[in-house]
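Shown next, in structure tokens, is the structure this report addresses.
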Amino acid sequence: MIRGIARHPWVVSLNSLFDEFDEPAPQAARLAPALKSLAERGVYFGTSSWKYDGWLGSIYSPDRYLTRGKLSHKKFESECLREYAATFPVVGGDFSFYQFPTAEFWAQLFSQVPPHFGFGLKVPEEITVLRWPGHARYGVRAGKENEHFLDASLFERAFTKLLEPHRQHVPVMMFEFGTFSSKEMPAQQFMERLDRFLESLPGGWNYGVEIRNKEFLQPKYFAMLARHNVAHVFNAWTKMPSLADQIAIPEAFTANFTVVRALLQKGRTYEQAVKMFEPYKEVQQPDHSTREALKNLAEESLQIGRRAHVFLNNRLEGNSPGTIEAVVSAIGESRKTT
């Protein structure tokens, strides 16, 4: 089954997105026009989340978040999304991985952004975790098999139905799967179960699948995603092939839109990156290979008219707005010479 691509007003109109803040912070002022230009042509750059104190003074204007003359972290966290949306056209919604948000939560969240701003939402782990990690936060479920793994009924009932009034804000939903052991979930079994699951999903939404098993990157897997017009989420992750290597696989472009999540440099764990880069004030370790891959993917998307959503994480280089600025600048320079 070829799943139809969802159409969203913000795909073609972004005029209201960048106009709310007359005096943006310095880096935001540099980024906004370039990101708007790319978004108008169907390439959307955003970060993996938005509540980072380290971006104050570059993306965020500190004086907007003062209470009695002092920076209020509570005010910053509750209000900074509005300022973020004045610069970026999309953001990655990692928060939804850990819960099924309520209808009230969604309404409040989307009320803070312009009509054409988009969230790339991670589907709750309740759907994608095969066995609950042995971590205290999972309580009595820790270490047990997840009875709702690939439960299409729960996904529709607790996630897409609540998001139905806000379709225009959701350009893609992403199913992130952790690393499976070959004994517990062989590649063929995963593909068969995922195929049945994708077949059962509600139509009218755009879906992406992110995997952490490099041995799953095979023609059968890509062909299965392509049958459903579901995007393989190109991901930079510690044990996955590089973005450049993934992008070089022709079959990996499985949908008529593209999704990228640049998360970590190859060989580095999440915990190592956090320790190295917090509080994410500046780029500390450029990853030139990943930057080049992102530039090439964006340029190809612009050339052939394929919509692309690119999300970058602070843990890649230390400061995702800085990484985005470097990639976007490289795209601009390349366009000048062609």
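Chain labels A, B, ... are given in the sequence in which chains occur in the structure tokens; within each chain residues are numbered consecutively from 1, and ligands are likewise numbered from 1 in the order shown.
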| For segment 112-128 of chain A: contacts at 7 Å, only C-alpha atoms, fewer than 5 positions along chain excluded, given as an MDAnalysis selection string | chainID A and resid 9:10 14 16:17 81:82 85 89:94 96:100 148:151 155 168:177
| query | Which parts of segment 157-291 of chain A does DSSP call helix (DSSP H, G or I) when run on the backbone here, written out as number ranges by chain? | reply | A: 157-169, 187-199, 214-216, 219-227, 243-247, 250-252, 270-277, 288-291
| query | When you draw a straight line from atom CA of Ala330 of chain A to atom CA of Lys51 of chain A, how long is it in Å? | reply | 26.5 Å
| message | For the strand (DSSP E) assignment from backbone DSSP, which residues of segment 169-268 of chain A qualify? Please present them as a PyMOL selection string. | response | chain A and resi 172-176+207-210+231-236+257-262
| request: With a distance cut-off of 10 Å and only C-alpha atoms, select the neighbouring residues of segment 233-241 of chain A, excluding the residue or stretch itself and same-chain residues fewer than 2 positions from it, and output the selection as a PyMOL selection string. | output: chain A and resi 174-176+179+207-215+217+230-231+243-247+252-254+258-270+290+309-313+316
| Straight-line distance linking atom CA of Ala226 of chain A with atom CA of Arg306 of chain A, stated in Å to one decimal |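 We find that atom CA of Ala226 of chain A and atom CA of Arg306 of chain A lie 14.9 Å from each other.
Residues with any atom within 12 Å of Ala103 of chain A, counting only C-alpha atoms and excluding same-chain neighbours fewer than 2 positions away, are Phe100, Pro101, Phe105, Trp106, Ala107, Gln108, Leu109, Phe110, Arg157, Ala158, Phe159, Thr160, Lys161, Leu162, Leu163, Glu164, Pro165 and His166 of chain A.
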Surrounding residues of Gly42 of chain A excluding itself and chain neighbours under 2 positions, 8 Å, only C-alpha atoms, as a short mmCIF file (atom, residue, chain, number, x, y, z; two decimals) with C-alpha atoms, in the first residue's frame:
```cif
data_model
loop_
_atom_site.label_atom_id
_atom_site.label_comp_id
_atom_site.auth_asym_id
_atom_site.auth_seq_id
_atom_site.Cartn_x
_atom_site.Cartn_y
_atom_site.Cartn_z
CA VAL A 11 4.49 23.66 3.12
CA VAL A 12 3.75 26.56 0.79
CA LEU A 38 14.98 27.15 2.45
CA ALA A 39 11.62 26.34 4.04
CA GLU A 40 9.78 28.11 1.24
CA TYR A 44 13.11 22.57 6.86
CA SER A 301 16.17 17.84 -2.09
CA LEU A 302 16.10 21.39 -3.42
CA GLY A 305 11.75 19.14 -5.16
CA ARG A 306 11.58 16.48 -2.44
CA ARG A 307 10.50 17.85 0.94
CA ALA A 308 13.07 17.34 3.71
#
```
| query | Which residues, written as a list in words, have at least one atom at most 8 Å from Gly134 of chain A, with only C-alpha atoms counted and residues fewer than 3 positions away on the same chain left out? | reply |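 These residues fall inside the cut-off: Tyr138, Ala142 and Gly143 of chain A.
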Those residues with C-alpha atoms, as a CSV table (one decimal), in the first residue's frame please?
```
chain,number,residue,atom,x,y,z
A,138,TYR,CA,9.9,2.1,34.8
A,142,ALA,CA,11.4,-2.7,34.3
A,143,GLY,CA,12.8,-5.7,32.4
```
| message | List the spatial neighbours of segment 191-198 of chain A as a PyMOL selection string - criterion: any atom at most 10 Å away, only C-alpha atoms, same-chain residues fewer than 2 positions off excluded. | response | chain A and resi 1+3+149-153+185-189+200-203+207+209+216+220-222+224-225+227-230
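Proximity ranking of A:Phe277, A:Gly178, A:Ala248, A:His288 relative to Asn314 of chain A places A:Phe277 first, based on only C-alpha atoms.
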| message | I'd like the interatomic distance between atom CA of Glu292 of chain A and atom CA of Val327 of chain A, to a tenth of an Å. | response |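 Here the two named atoms are 7.6 Å from each other.
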| field | Pick from A:Arg315, A:Lys275, A:Glu299, A:Trp55, whichever lies nearest to Glu333 of chain A using only C-alpha atoms | value |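 Of the candidates, the smallest distance to Glu333 of chain A is held by A:Glu299.
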